Amino acid sequence: MSPGREAWRRFKRHRLAVVCAFILGFIILAVLLGPWIWRVPINEIDFTARMQGPSWAHPLGTDDLGQDLLARMLYGGRISLAVGLAAMVIAITVGVVVGAVAGMSKGPVDVFLMWLTDLFLSLPQLPLLLLIFYLFNDTLKKWVGTEMGVFILVVVVIGGLRWMPVARLVRAQFLSLREKEFVEAARALGASPWRQVTVHILPNAMGPVIVAATIDVAAAIIAESTLSFLGLGFPPDIPTWGRILFDAKDHMDIAPHWALFPGLLIFITVLTINYIGDGLRDAYDPRRVL
Amino acid sequence: MFHYVLRRLMIAVPSLLGISLLLFTVLAMAPGDPFSELVSNPNIPPEVALSLREKFGLDDPLMVRYWNWLVAMVQGDWGYSFISRINVDTLILDRIPVTLLVIGSSQLLALCIAIPVGVYAATRPYSLFDQIASTLAFIGFSLPTFFTGILLILFFSIHLDWLPFVYRADIPETGWRFLWEHFKQMIMPVAVLGLFQAGAWTRYVRSAVLDVIRLDYVTTARSKGLSEKVVITKHVLRNAMIPVVTLVALQMPAIFGGAIVTEQIFRVPGIGSLIISSMLANDTPVVMAVTFVFSALVIACNLIADILYGWLDPRISFA
């Protein structure tokens with residue numbers, strides 16, 4: 001059995017993680033297909049229906065402009081999830097490359113890359129995110145338009161500050177796998193370092209990386225929500241979940257549903273991702289007997 | 001031990017310099033210009049604007065500007081805030097004690113929860129207590145801090161009206177009343193931060209203790225007739241704390257991020273809310289200085305963690 005199939009078999013036995021995988025799948029489907037089914041527009045202002053609680057016309061209630069919350073949250077979910085996934089892809093790519101290069105080379109390259117990793121690990125993530133956002137937002141707005149500019153900025157910075165643990169993991173895996181017999185055998189058969197890495201070492205090193213990837217998605221979603229919650233991030237008319245919370249936090253005494261629903265949804269998404277990550281970690285851990 | 005601390009200090013200083021260089025480069029690459037207003041102001045002739053730029057060294061190469069900035073920072077001249085019209089270092093010094101108080105108390109709270117719960121859960125793995133504790137820990141670190149803050153405000157301030165939710169730095173009481181009022185307004189921000197951290201740390205402590213408790217020397221200690229309490233506190237805990245200290249140190253940058261959010265929600269007048277308000281007001285010197293302070297705090301915490309690490313594990317300091 002390939003390591004992937006084996007891990008999947010073990011993952012299936014972790015019941016809670018499988019349940020969470022279903023919940024997350026449901027959320028993803030809802031966010032992708034929801035706007036096709038629930039066709040209420042996200043910015044239909046209706047002052048007669050301000051800050052109403054859940055009702056048949058508006059299953060999650062309305063905000064202070066009478067806009068339907070369910071539609072806004074389905075739309076915002078797409079952005080939050082897209083940011084999470086894209087940031088994870090960047091973090092994993094950079095981390096795997098840095099870790100692989102550091103792991104395969106001995107000497108000054110390795111030392112330099114590890115010093116760089118430690119330096120980046122010391123950077124405070126949120127202040128730096130805020131700083132870069134503050135400095136570069138206008139330029140990007142001029143180049144690629146507001147939404148895409150913010151999206152690129154947020155994804156690059158969040159992903160760019162989360163590659164370090166992945167690099168360390170990959171480097172540790174490489175250092176141990178490099179000395180194993182099957183790699184030595186490949187070397188003896190004349191495999192180039194590139195082939196050794198891509199065909200032999202990397203597939204076996206991916207276990208912890210996949211676990212780190214799931215944690216990264218959760219962390220990226222939280223980071224993006226935090227940014228929107230602080231009033232920075234996407235423009236005010238784009239209803240990411242954090243932004244809805246930002247608008248709702250000052251009206252909590254009269255319209256608690258407005259803040260509760262996006263908060264709950266962020267919480268459930270992150271919780272399911274964390275549980276799935278935990279299940280994956282158990283599935284890939286060679287020491288546990290499952 | 002002394003040599004180890006010295007070596008750690010010598011590594012910390014280049015890291016701080018490296019971070020300051022990184023921050024300065026980011027700022028230098030950014031568009032925008034402190035004197036852009038002057039350039040567009042028709043009352044100021046262009047030669048005056050140019051000579052002002054030259055006087056302040058805005059057109060010098062990057063390394064020269066960085067060097068000047070570094071020398072100024074080291075000498076205590078941190079610049080002048082555009083918005084608040086006072087020196088930046090006064091502004092920051094005013095606000096740092098509050099932030100440190102809130103962060104410090106929340107970390108203490110998190111430790112006081114995580115270590116006992118984690119150790120107890122590890123000594124009885126897979127029991128009911130362990131499962132409840134693990135689930136609560138998961139929930140704890142999946143709840144974003146801004147959501148917990150909002151929920152706590154909703155519940156304790158609006159529904160029950162027990163706790164104030166706006167932090168006041170100027171409480172007019174004295175003596176015990178002052179402390180009590182201060183304590184009441186600190187409970188929620190500290191709880192929000194502390195519970196979030198406690199979730200993650202409980203899991204770390206639990207897995208670290210689980211790893212240690214199976215080792216041979218623990219069995220030896222037990223078979224010597226030592227009570228379970230002594231075995232845990234004297235033998236297991238000290239060795240299990242080693243990976244926990246490393247992980248806690250790695251989380252320091254995230255903790256400061258969480259502090260920023262909490263200060264925004266509860267309107268605590270610390271440096272976290274200072275950075276947000278300066279960004280929204282385009283007050284660049286303050287933004288730079290506060291980011292630098294955050295980085296310095298992170299490095300200081302890493303240094304403390306390294307020293308603790310060296311104390312806990314004698315193998316490290318003798319290496």
# chains A, B, ... in the order shown; residues from 1 in each chain; ligands from 1
$ interface_residues --of "chain A" --to "chain B" --cutoff "6 Å" --atoms "only C-alpha atoms" --output "PDB file with C-alpha atoms, in the first residue's frame"
ATOM      1  CA  LEU A 123       8.871  38.585  13.113  1.00  0.00           C
ATOM      2  CA  PRO A 124       5.559  39.403  14.753  1.00  0.00           C
ATOM      3  CA  LEU A 126       0.060  40.602  12.795  1.00  0.00           C
ATOM      4  CA  LEU A 135       2.293  50.666   3.089  1.00  0.00           C
ATOM      5  CA  GLY A 263     -18.385  34.325  14.438  1.00  0.00           C
ATOM      6  CA  PHE A 267     -15.314  29.031  14.648  1.00  0.00           C
ATOM      7  CA  VAL A 270     -11.540  26.500  11.958  1.00  0.00           C
ATOM      8  CA  LEU A 271     -12.573  23.815  14.444  1.00  0.00           C
TER       9      LEU A 271
END
$ residues_around --residues "Lys249 of chain A" --least-positions-apart "2" --cutoff "9 Å" --atoms "only C-alpha atoms" --output "list in words"
Ile244, Leu245, Phe246, Asp247, His251, Met252, Pro256, Trp258 and Ala259 of chain A; Ile150 and Ile265 of chain B
$ write_last_selection --atoms "C-alpha atoms" --output "PDB file, in the first residue's frame"
ATOM      1  CA  ILE A 244     -19.394  41.434   9.016  1.00  0.00           C
ATOM      2  CA  LEU A 245     -18.157  41.020  12.602  1.00  0.00           C
ATOM      3  CA  PHE A 246     -16.476  44.415  12.406  1.00  0.00           C
ATOM      4  CA  ASP A 247     -19.744  46.032  11.371  1.00  0.00           C
ATOM      5  CA  HIS A 251     -24.676  46.833  17.567  1.00  0.00           C
ATOM      6  CA  MET A 252     -24.507  43.789  19.731  1.00  0.00           C
ATOM      7  CA  PRO A 256     -26.729  39.912  18.506  1.00  0.00           C
ATOM      8  CA  TRP A 258     -25.558  39.810  13.315  1.00  0.00           C
ATOM      9  CA  ALA A 259     -22.323  39.104  15.194  1.00  0.00           C
TER      10      ALA A 259
ATOM     11  CA  ILE B 150     -17.365  39.797  21.551  1.00  0.00           C
ATOM     12  CA  ILE B 265     -12.174  45.156  21.163  1.00  0.00           C
TER      13      ILE B 265
END
$ residues_around --residues "Gly118 of chain B" --least-positions-apart "5" --cutoff "7 Å" --atoms "only C-alpha atoms" --output "PyMOL selection string"
chain B and resi 202-203+205-206
$ residues_around --residues "segment 223-240 of chain A" --least-positions-apart "3" --cutoff "7 Å" --atoms "only C-alpha atoms" --output "CSV table (one decimal) with N, CA and C atoms, in the first residue's frame"
chain,number,residue,atom,x,y,z
A,72,ARG,N,-24.9,37.3,2.2
A,72,ARG,CA,-23.6,38.0,2.5
A,72,ARG,C,-22.6,37.0,3.0
A,73,MET,N,-23.0,36.1,3.9
A,73,MET,CA,-22.1,35.2,4.4
A,73,MET,C,-21.7,34.1,3.4
A,76,GLY,N,-19.1,36.0,1.3
A,76,GLY,CA,-17.9,36.2,2.1
A,76,GLY,C,-17.1,34.9,2.3
A,77,GLY,N,-17.9,33.8,2.5
A,77,GLY,CA,-17.2,32.5,2.7
A,77,GLY,C,-16.3,32.1,1.6
A,79,ILE,N,-14.6,34.1,-0.3
A,79,ILE,CA,-13.3,34.9,-0.2
A,79,ILE,C,-12.5,34.3,1.0
A,80,SER,N,-13.1,34.1,2.1
A,80,SER,CA,-12.3,33.6,3.3
A,80,SER,C,-11.7,32.3,2.9
A,147,GLU,N,-10.0,44.9,-5.3
A,147,GLU,CA,-10.2,43.6,-4.6
A,147,GLU,C,-9.0,42.6,-4.9
A,150,VAL,N,-5.9,43.7,-2.9
A,150,VAL,CA,-6.0,43.3,-1.4
A,150,VAL,C,-5.8,41.8,-1.3
A,219,ALA,N,-5.1,28.8,10.1
A,219,ALA,CA,-4.5,30.0,10.6
A,219,ALA,C,-4.7,31.1,9.6
A,220,ALA,N,-4.7,30.8,8.3
A,220,ALA,CA,-4.8,31.9,7.3
A,220,ALA,C,-6.2,32.4,7.4
A,243,ARG,N,-15.3,41.0,8.3
A,243,ARG,CA,-15.8,42.4,8.1
A,243,ARG,C,-17.2,42.5,8.6
A,244,ILE,N,-18.0,41.4,8.5
A,244,ILE,CA,-19.4,41.4,9.0
A,244,ILE,C,-19.3,41.6,10.5
A,245,LEU,N,-18.3,40.9,11.2
A,245,LEU,CA,-18.2,41.0,12.6
A,245,LEU,C,-17.8,42.4,13.0
A,246,PHE,N,-16.9,43.0,12.1
A,246,PHE,CA,-16.5,44.4,12.4
A,246,PHE,C,-17.7,45.4,12.4
$ residues_around --residues "His235 of chain B" --least-positions-apart "2" --cutoff "10 Å" --atoms "only C-alpha atoms" --output "list in words"
Val212, Ile213, Tyr217, Val218, Ala221, Lys229, Val230, Val231, Ile232, Thr233, Leu237, Arg238, Asn239 and Ala240 of chain B
$ closest_residue --among "B:Leu62, B:Leu303, B:Ala289, B:Arg168" --to "Val13 of chain B" --atoms "only C-alpha atoms"
B:Leu303
$ closest_residue --among "A:Leu129, A:Met114, A:Val40, A:Val97" --to "Thr62 of chain A" --atoms "only C-alpha atoms"
A:Val40
$ residues_around --residues "Phe112 of chain A" --least-positions-apart "5" --cutoff "12 Å" --atoms "only C-alpha atoms" --output "ChimeraX atom specification"
/A:98-99,101-103,105-107,117-119
$ atom_distance --atom1 "atom CA of Val248 of chain B" --atom2 "atom CA of Asp216 of chain B"
26.8 Å
$ atom_distance --atom1 "atom CA of Pro35 of chain A" --atom2 "atom CA of Leu265 of chain A"
16.7 Å
